[in-house]
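Below is query.pdb, holding PDB, C-alpha atoms and all ligand atoms.
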```pdb
ATOM      1  CA  MET O  14     -11.770   8.222   6.363  1.00  0.00           C
ATOM      2  CA  MET O  15      -9.010   5.704   7.172  1.00  0.00           C
ATOM      3  CA  GLN O  16      -6.644   8.614   7.860  1.00  0.00           C
ATOM      4  CA  THR O  17      -9.118  10.245  10.241  1.00  0.00           C
ATOM      5  CA  ILE O  18      -9.513   6.983  12.179  1.00  0.00           C
ATOM      6  CA  ALA O  19      -5.724   6.541  12.345  1.00  0.00           C
ATOM      7  CA  TRP O  20      -5.299  10.152  13.470  1.00  0.00           C
ATOM      8  CA  ILE O  21      -7.931   9.898  16.242  1.00  0.00           C
ATOM      9  CA  THR O  22      -6.524   6.531  17.410  1.00  0.00           C
ATOM     10  CA  THR O  23      -3.039   8.074  17.583  1.00  0.00           C
ATOM     11  CA  LEU O  24      -4.330  11.025  19.597  1.00  0.00           C
ATOM     12  CA  ILE O  25      -6.090   8.698  22.068  1.00  0.00           C
ATOM     13  CA  PHE O  26      -2.882   6.714  22.618  1.00  0.00           C
ATOM     14  CA  ILE O  27      -0.799   9.904  22.997  1.00  0.00           C
ATOM     15  CA  LEU O  28      -3.309  11.083  25.610  1.00  0.00           C
ATOM     16  CA  LEU O  29      -3.142   7.742  27.472  1.00  0.00           C
ATOM     17  CA  ILE O  30       0.671   7.862  27.541  1.00  0.00           C
ATOM     18  CA  ALA O  31       0.567  11.489  28.736  1.00  0.00           C
ATOM     19  CA  ILE O  32      -1.828  10.494  31.548  1.00  0.00           C
ATOM     20  CA  VAL O  33       0.518   7.671  32.647  1.00  0.00           C
ATOM     21  CA  PHE O  34       3.493  10.058  32.589  1.00  0.00           C
ATOM     22  CA  GLY O  35       1.572  12.629  34.596  1.00  0.00           C
ATOM     23  CA  TRP O  36       0.520  10.002  37.117  1.00  0.00           C
ATOM     24  CA  VAL O  37       4.137   8.823  37.504  1.00  0.00           C
ATOM     25  CA  VAL O  38       5.369  12.402  37.999  1.00  0.00           C
ATOM     26  CA  ILE O  39       2.738  13.106  40.662  1.00  0.00           C
ATOM     27  CA  ARG O  40       3.383   9.841  42.512  1.00  0.00           C
ATOM     28  CA  SER O  41       7.186  10.044  42.240  1.00  0.00           C
ATOM     29  CA  LYS O  42       7.593  12.014  45.455  1.00  0.00           C
ATOM     30  CA  GLU O  43       6.147   9.213  47.602  1.00  0.00           C
ATOM     31  CA  LYS O  44       8.685   6.900  49.201  1.00  0.00           C
ATOM     32  CA  ARG O  45       7.670   3.228  49.102  1.00  0.00           C
ATOM     33  CA  GLU O  46       9.230  -0.176  49.613  1.00  0.00           C
ATOM     34  CA  TYR O  47      10.767  -1.214  46.302  1.00  0.00           C
ATOM     35  CA  THR O  48      10.727  -5.050  46.239  1.00  0.00           C
ATOM     36  CA  ALA O  49       6.947  -5.380  46.485  1.00  0.00           C
ATOM     37  CA  ILE O  50       6.418  -2.896  43.652  1.00  0.00           C
ATOM     38  CA  MET O  51       9.051  -4.611  41.529  1.00  0.00           C
ATOM     39  CA  THR O  52       7.500  -8.070  41.949  1.00  0.00           C
ATOM     40  CA  LYS O  53       4.031  -6.774  41.142  1.00  0.00           C
ATOM     41  CA  TRP O  54       5.019  -4.861  38.025  1.00  0.00           C
ATOM     42  CA  TYR O  55       7.376  -7.507  36.642  1.00  0.00           C
ATOM     43  CA  LYS O  56       4.387  -9.853  36.663  1.00  0.00           C
ATOM     44  CA  THR O  57       2.193  -7.248  34.975  1.00  0.00           C
ATOM     45  CA  ARG O  58       4.861  -6.610  32.388  1.00  0.00           C
ATOM     46  CA  LYS O  59       4.958 -10.297  31.452  1.00  0.00           C
ATOM     47  CA  VAL O  60       1.174 -10.435  30.964  1.00  0.00           C
ATOM     48  CA  TYR O  61       1.258  -7.194  28.994  1.00  0.00           C
ATOM     49  CA  GLY O  62       4.125  -8.437  26.804  1.00  0.00           C
ATOM     50  CA  ILE O  63       2.469 -11.746  25.951  1.00  0.00           C
ATOM     51  CA  THR O  64      -0.846 -10.014  25.193  1.00  0.00           C
ATOM     52  CA  LEU O  65       0.888  -7.502  22.948  1.00  0.00           C
ATOM     53  CA  VAL O  66       2.787 -10.173  20.982  1.00  0.00           C
ATOM     54  CA  ALA O  67      -0.410 -12.251  20.603  1.00  0.00           C
ATOM     55  CA  LEU O  68      -2.326  -9.203  19.330  1.00  0.00           C
ATOM     56  CA  LEU O  69       0.472  -8.346  16.892  1.00  0.00           C
ATOM     57  CA  ILE O  70       0.482 -11.876  15.471  1.00  0.00           C
ATOM     58  CA  ILE O  71      -3.312 -11.939  15.067  1.00  0.00           C
ATOM     59  CA  PHE O  72      -3.361  -8.468  13.518  1.00  0.00           C
ATOM     60  CA  SER O  73      -0.494  -9.282  11.114  1.00  0.00           C
ATOM     61  CA  ILE O  74      -2.123 -12.486   9.903  1.00  0.00           C
ATOM     62  CA  TYR O  75      -5.446 -10.692   9.492  1.00  0.00           C
ATOM     63  CA  THR O  76      -4.037  -7.792   7.453  1.00  0.00           C
ATOM     64  CA  LEU O  77      -1.489  -9.778   5.402  1.00  0.00           C
ATOM     65  CA  ARG O  78      -4.306 -11.928   4.000  1.00  0.00           C
ATOM     66  CA  GLU O  79      -5.386  -8.898   1.982  1.00  0.00           C
ATOM     67  CA  LEU O  80      -2.119  -8.663   0.013  1.00  0.00           C
ATOM     68  CA  PRO O  81      -1.799  -7.295  -2.629  1.00  0.00           C
ATOM     69  CA  TYR O  82      -3.830  -4.442  -1.161  1.00  0.00           C
ATOM     70  CA  ASN O  83      -4.896  -2.947  -4.483  1.00  0.00           C
ATOM     71  CA  ALA O  84      -6.304  -6.204  -5.883  1.00  0.00           C
ATOM     72  CA  PRO O  85     -10.046  -5.942  -6.388  1.00  0.00           C
ATOM     73  CA  ALA O  86     -12.201  -8.761  -5.049  1.00  0.00           C
ATOM     74  CA  TYR O  87     -13.762 -10.065  -8.239  1.00  0.00           C
ATOM     75  CA  GLY O  88     -17.266 -11.357  -7.905  1.00  0.00           C
ATOM     76  CA  LYS O  89     -18.426 -14.654  -9.353  1.00  0.00           C
ATOM     77  CA  GLY O  90     -18.620 -14.613 -13.151  1.00  0.00           C
ATOM     78  CA  GLU O  91     -16.520 -11.475 -13.453  1.00  0.00           C
ATOM     79  CA  ASN O  92     -13.620 -11.818 -15.839  1.00  0.00           C
ATOM     80  CA  PRO O  93     -10.993  -9.094 -15.796  1.00  0.00           C
ATOM     81  CA  THR O  94      -9.349  -8.229 -19.105  1.00  0.00           C
ATOM     82  CA  ILE O  95      -5.733  -9.322 -18.930  1.00  0.00           C
ATOM     83  CA  VAL O  96      -3.443  -7.012 -20.876  1.00  0.00           C
ATOM     84  CA  GLN O  97       0.073  -8.191 -21.660  1.00  0.00           C
ATOM     85  CA  THR O  98       2.166  -5.057 -21.337  1.00  0.00           C
ATOM     86  CA  GLU O  99       5.799  -5.235 -22.366  1.00  0.00           C
ATOM     87  CA  ALA O 100       8.211  -2.326 -22.156  1.00  0.00           C
ATOM     88  CA  MET O 101      11.300  -2.220 -24.348  1.00  0.00           C
ATOM     89  CA  GLN O 102      13.949   0.212 -25.497  1.00  0.00           C
ATOM     90  CA  PHE O 103      12.133   2.327 -26.631  1.00  0.00           C
ATOM     91  CA  GLY O 104       8.434   1.634 -26.786  1.00  0.00           C
ATOM     92  CA  TRP O 105       5.506  -0.391 -25.522  1.00  0.00           C
ATOM     93  CA  ASN O 106       4.079  -3.654 -26.741  1.00  0.00           C
ATOM     94  CA  ILE O 107       0.509  -3.760 -25.410  1.00  0.00           C
ATOM     95  CA  ASP O 108      -1.863  -6.400 -26.746  1.00  0.00           C
ATOM     96  CA  VAL O 109      -5.124  -4.589 -25.948  1.00  0.00           C
ATOM     97  CA  THR O 110      -5.422  -0.811 -26.309  1.00  0.00           C
ATOM     98  CA  GLU O 111      -9.204  -0.293 -26.411  1.00  0.00           C
ATOM     99  CA  PHE O 112     -11.424  -0.683 -23.388  1.00  0.00           C
ATOM    100  CA  SER O 113     -14.927   0.175 -22.310  1.00  0.00           C
ATOM    101  CA  VAL O 114     -16.027   2.154 -19.267  1.00  0.00           C
ATOM    102  CA  GLY O 115     -16.413  -0.092 -16.230  1.00  0.00           C
ATOM    103  CA  GLU O 116     -14.159  -2.803 -17.645  1.00  0.00           C
ATOM    104  CA  GLN O 117     -11.923  -4.401 -15.044  1.00  0.00           C
ATOM    105  CA  VAL O 118      -8.418  -4.432 -16.430  1.00  0.00           C
ATOM    106  CA  GLU O 119      -5.247  -6.133 -15.268  1.00  0.00           C
ATOM    107  CA  PHE O 120      -2.073  -4.833 -16.858  1.00  0.00           C
ATOM    108  CA  HIS O 121       0.539  -7.580 -16.614  1.00  0.00           C
ATOM    109  CA  VAL O 122       3.654  -5.466 -16.865  1.00  0.00           C
ATOM    110  CA  THR O 123       7.098  -6.735 -17.776  1.00  0.00           C
ATOM    111  CA  SER O 124      10.154  -5.678 -19.777  1.00  0.00           C
ATOM    112  CA  ALA O 125      12.033  -7.151 -22.723  1.00  0.00           C
ATOM    113  CA  ASP O 126      15.378  -5.622 -21.773  1.00  0.00           C
ATOM    114  CA  VAL O 127      16.123  -3.183 -18.944  1.00  0.00           C
ATOM    115  CA  THR O 128      13.989  -1.807 -16.108  1.00  0.00           C
ATOM    116  CA  HIS O 129      11.369   0.710 -17.188  1.00  0.00           C
ATOM    117  CA  GLY O 130       8.526   2.373 -15.348  1.00  0.00           C
ATOM    118  CA  PHE O 131       4.862   1.923 -16.243  1.00  0.00           C
ATOM    119  CA  GLY O 132       2.780   5.034 -15.634  1.00  0.00           C
ATOM    120  CA  LEU O 133      -0.907   5.280 -16.532  1.00  0.00           C
ATOM    121  CA  TYR O 134      -2.178   8.855 -16.997  1.00  0.00           C
ATOM    122  CA  ASP O 135      -5.600  10.345 -17.670  1.00  0.00           C
ATOM    123  CA  GLU O 136      -6.274  13.111 -20.235  1.00  0.00           C
ATOM    124  CA  ASP O 137      -5.212  15.822 -17.791  1.00  0.00           C
ATOM    125  CA  MET O 138      -1.930  14.003 -17.203  1.00  0.00           C
ATOM    126  CA  ASN O 139      -2.817  12.949 -13.673  1.00  0.00           C
ATOM    127  CA  LEU O 140      -0.929   9.808 -12.729  1.00  0.00           C
ATOM    128  CA  LEU O 141      -3.510   7.097 -11.975  1.00  0.00           C
ATOM    129  CA  GLU O 142      -1.398   3.991 -11.450  1.00  0.00           C
ATOM    130  CA  GLN O 143       2.249   3.072 -11.693  1.00  0.00           C
ATOM    131  CA  THR O 144       4.566   0.133 -11.287  1.00  0.00           C
ATOM    132  CA  GLN O 145       7.997  -0.993 -12.416  1.00  0.00           C
ATOM    133  CA  ALA O 146       8.447  -2.875 -15.682  1.00  0.00           C
ATOM    134  CA  MET O 147      11.180  -5.384 -14.900  1.00  0.00           C
ATOM    135  CA  PRO O 148      12.809  -8.034 -17.100  1.00  0.00           C
ATOM    136  CA  GLU O 149      11.807 -11.611 -16.228  1.00  0.00           C
ATOM    137  CA  TYR O 150       9.208 -10.438 -13.733  1.00  0.00           C
ATOM    138  CA  THR O 151       5.554  -9.453 -14.023  1.00  0.00           C
ATOM    139  CA  ASN O 152       3.928  -6.747 -11.933  1.00  0.00           C
ATOM    140  CA  ILE O 153       0.149  -6.480 -12.018  1.00  0.00           C
ATOM    141  CA  VAL O 154      -1.699  -3.178 -12.120  1.00  0.00           C
ATOM    142  CA  TYR O 155      -5.445  -3.396 -11.442  1.00  0.00           C
ATOM    143  CA  TYR O 156      -7.550  -0.643 -12.933  1.00  0.00           C
ATOM    144  CA  THR O 157     -11.198  -0.038 -13.747  1.00  0.00           C
ATOM    145  CA  PHE O 158     -11.740   2.834 -16.161  1.00  0.00           C
ATOM    146  CA  GLU O 159     -14.528   5.135 -14.940  1.00  0.00           C
ATOM    147  CA  GLU O 160     -14.416   7.748 -17.709  1.00  0.00           C
ATOM    148  CA  PRO O 161     -14.212   7.496 -21.488  1.00  0.00           C
ATOM    149  CA  GLY O 162     -11.238   9.185 -23.090  1.00  0.00           C
ATOM    150  CA  THR O 163      -7.693   8.826 -24.303  1.00  0.00           C
ATOM    151  CA  TYR O 164      -5.285   7.679 -21.628  1.00  0.00           C
ATOM    152  CA  LYS O 165      -1.517   7.708 -21.805  1.00  0.00           C
ATOM    153  CA  ILE O 166       1.154   5.262 -20.762  1.00  0.00           C
ATOM    154  CA  LEU O 167       4.574   6.775 -20.170  1.00  0.00           C
ATOM    155  CA  CYS O 168       7.870   5.332 -19.041  1.00  0.00           C
ATOM    156  CA  LEU O 169       8.685   6.541 -15.536  1.00  0.00           C
ATOM    157  CA  GLU O 170      12.260   5.391 -15.241  1.00  0.00           C
ATOM    158  CA  TYR O 171      15.254   6.647 -17.182  1.00  0.00           C
ATOM    159  CA  CYS O 172      16.149   3.702 -19.437  1.00  0.00           C
ATOM    160  CA  GLY O 173      18.423   5.141 -22.128  1.00  0.00           C
ATOM    161  CA  VAL O 174      18.602   7.785 -24.832  1.00  0.00           C
ATOM    162  CA  GLY O 175      15.064   7.067 -26.060  1.00  0.00           C
ATOM    163  CA  HIS O 176      13.403   7.185 -22.638  1.00  0.00           C
ATOM    164  CA  HIS O 177      11.382  10.276 -23.551  1.00  0.00           C
ATOM    165  CA  VAL O 178       9.800   8.642 -26.619  1.00  0.00           C
ATOM    166  CA  MET O 179       8.311   5.818 -24.580  1.00  0.00           C
ATOM    167  CA  ASP O 180       4.742   7.009 -24.597  1.00  0.00           C
ATOM    168  CA  THR O 181       1.644   5.433 -26.035  1.00  0.00           C
ATOM    169  CA  GLU O 182      -2.110   5.872 -25.882  1.00  0.00           C
ATOM    170  CA  ILE O 183      -5.037   3.695 -24.959  1.00  0.00           C
ATOM    171  CA  VAL O 184      -8.669   4.520 -25.668  1.00  0.00           C
ATOM    172  CA  VAL O 185     -11.637   4.008 -23.393  1.00  0.00           C
ATOM    173  CA  ASN O 186     -15.124   4.154 -24.961  1.00  0.00           C
TER
HETATM  174 CU1  LIG O 201      11.739   3.118 -20.625  1.00  0.00          CU
HETATM  175 CU2  LIG O 201      12.351   5.111 -19.619  1.00  0.00          CU
END
```
As structure tokens, the full file:
Amino acid sequence: MMQTIAWITTLIFILLIAIVFGWVVIRSKEKREYTAIMTKWYKTRKVYGITLVALLIIFSIYTLRELPYNAPAYGKGENPTIVQTEAMQFGWNIDVTEFSVGEQVEFHVTSADVTHGFGLYDEDMNLLEQTQAMPEYTNIVYYTFEEPGTYKILCLEYCGVGHHVMDTEIVVN
């Protein structure tokens, strides 16, 4: 939906620019006194510039308020389950590994040693969410499980000879 809106908006602006170009090409054969045109359009350019900068500032403030974009807006009385998730050479230390369908989960992901990757997979090994597991830093992954099943967490970043054994399972009932 968002992509369709962005695509249509882009097309409209491309069309507008094409119309302006066409208009300039058609009018370019006319000879006219330059100074008057210059004065008029320099003034227009200033107005246009200020408007554009003002719009950009408003739009930036409006959209940046939503950061981080994947954070769900929790309603009153809703308590997400916070899951301390620590990666290490070579395994995972996860303090909750059983969840129920519809539970809002926050994986607080960090690392005990080097940088790892946190990848959450469903039963068909589709990647659902991912982030980096970094020492001395916590990244948050927000996820609400919609289906029961056995999910997998794999390391997504080469972290040493045991990288490939860094997989574990979590269960959703
Ligand atoms: Cu940890 Cu790869």
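Between atom CA of Tyr155 of chain O and atom CA of Phe131 of chain O the interatomic distance comes to 12.6 Å.
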Listed atoms of segment 112-118 of chain O boxed axis-aligned with 3 Å per side, centre + edges as JSON:
```
{"center_x": -12.4, "center_y": -1.1, "center_z": -19.2, "size_x": 14.0, "size_y": 12.6, "size_z": 14.3}
```
* Structure fact -> Among O:Glu99, O:Glu111, O:Glu159, O:Glu116, ligand LIG 201 (chain O) is approached most closely, using all atoms listed in the file, by O:Glu99
* Any idea what the distance is between atom CA of Gly104 of chain O and atom CA of Thr157 of chain O? -> 23.6 Å
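Distance-wise, atom CA of Phe112 of chain O and atom CA of Val154 of chain O end up 15.1 Å apart.
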Would you give me, as a Markdown table, each residue of chain O having an atom within 9 Å of an atom of ligand LIG 201 (chain O), along with its shortest atom pair and that distance in Å to one decimal, using all atoms listed in the file and sorting by chain and residue number?
```
| residue | atom | partner | partner_atom | distance |
| --- | --- | --- | --- | --- |
| O:Ala100 | CA | O:LIG201 | CU1 | 6.7 |
| O:Met101 | CA | O:LIG201 | CU1 | 6.5 |
| O:Gln102 | CA | O:LIG201 | CU1 | 6.1 |
| O:Phe103 | CA | O:LIG201 | CU1 | 6.1 |
| O:Gly104 | CA | O:LIG201 | CU1 | 7.1 |
| O:Trp105 | CA | O:LIG201 | CU1 | 8.7 |
| O:Ser124 | CA | O:LIG201 | CU1 | 9.0 |
| O:Val127 | CA | O:LIG201 | CU1 | 7.9 |
| O:Thr128 | CA | O:LIG201 | CU1 | 7.1 |
| O:His129 | CA | O:LIG201 | CU1 | 4.2 |
| O:Gly130 | CA | O:LIG201 | CU1 | 6.2 |
| O:Phe131 | CA | O:LIG201 | CU1 | 8.2 |
| O:Ala146 | CA | O:LIG201 | CU1 | 8.4 |
| O:Leu167 | CA | O:LIG201 | CU2 | 8.0 |
| O:Cys168 | CA | O:LIG201 | CU2 | 4.5 |
| O:Leu169 | CA | O:LIG201 | CU2 | 5.7 |
| O:Glu170 | CA | O:LIG201 | CU2 | 4.4 |
| O:Tyr171 | CA | O:LIG201 | CU2 | 4.1 |
| O:Cys172 | CA | O:LIG201 | CU2 | 4.1 |
| O:Gly173 | CA | O:LIG201 | CU2 | 6.6 |
| O:Val174 | CA | O:LIG201 | CU2 | 8.6 |
| O:Gly175 | CA | O:LIG201 | CU2 | 7.3 |
| O:His176 | CA | O:LIG201 | CU2 | 3.8 |
| O:His177 | CA | O:LIG201 | CU2 | 6.6 |
| O:Val178 | CA | O:LIG201 | CU2 | 8.2 |
| O:Met179 | CA | O:LIG201 | CU1 | 5.9 |
| O:Asp180 | CA | O:LIG201 | CU1 | 8.9 |
```
* Quick one: apply the PyMOL selection byres (((chain O and resi 98) around 8) and not hetatm) to the file and drop the selected residues here as JSON, numbers by chain. => {"O": [96, 97, 99, 100, 105, 106, 107, 108, 120, 121, 122, 123]}
* Report as a PyMOL selection string the full result of the PyMOL selection byres (((chain O and resi 135) around 8) and not hetatm) when it is applied to this structure. => chain O and resi 133-134+136-141+162-165
Would you save the residues of that selection, restricted to C-alpha atoms, as a short mmCIF file (atom, residue, chain, number, x, y, z; two decimals), in the coordinates of the input?
```cif
data_model
loop_
_atom_site.label_atom_id
_atom_site.label_comp_id
_atom_site.auth_asym_id
_atom_site.auth_seq_id
_atom_site.Cartn_x
_atom_site.Cartn_y
_atom_site.Cartn_z
CA LEU O 133 -0.91 5.28 -16.53
CA TYR O 134 -2.18 8.86 -17.00
CA GLU O 136 -6.27 13.11 -20.24
CA ASP O 137 -5.21 15.82 -17.79
CA MET O 138 -1.93 14.00 -17.20
CA ASN O 139 -2.82 12.95 -13.67
CA LEU O 140 -0.93 9.81 -12.73
CA LEU O 141 -3.51 7.10 -11.98
CA GLY O 162 -11.24 9.18 -23.09
CA THR O 163 -7.69 8.83 -24.30
CA TYR O 164 -5.28 7.68 -21.63
CA LYS O 165 -1.52 7.71 -21.80
#
```
* Given the choices O:Glu182, O:Glu91, O:Glu46, O:Glu79, which gets closest to Gly132 of chain O if the distance is worked out from all atoms listed in the file? -> O:Glu182
* Structure fact -> Using only C-alpha atoms, the shortest atom-to-atom distance to Glu160 of chain O among O:Thr57, O:Gln143, O:Asn186, O:Thr181 belongs to O:Asn186
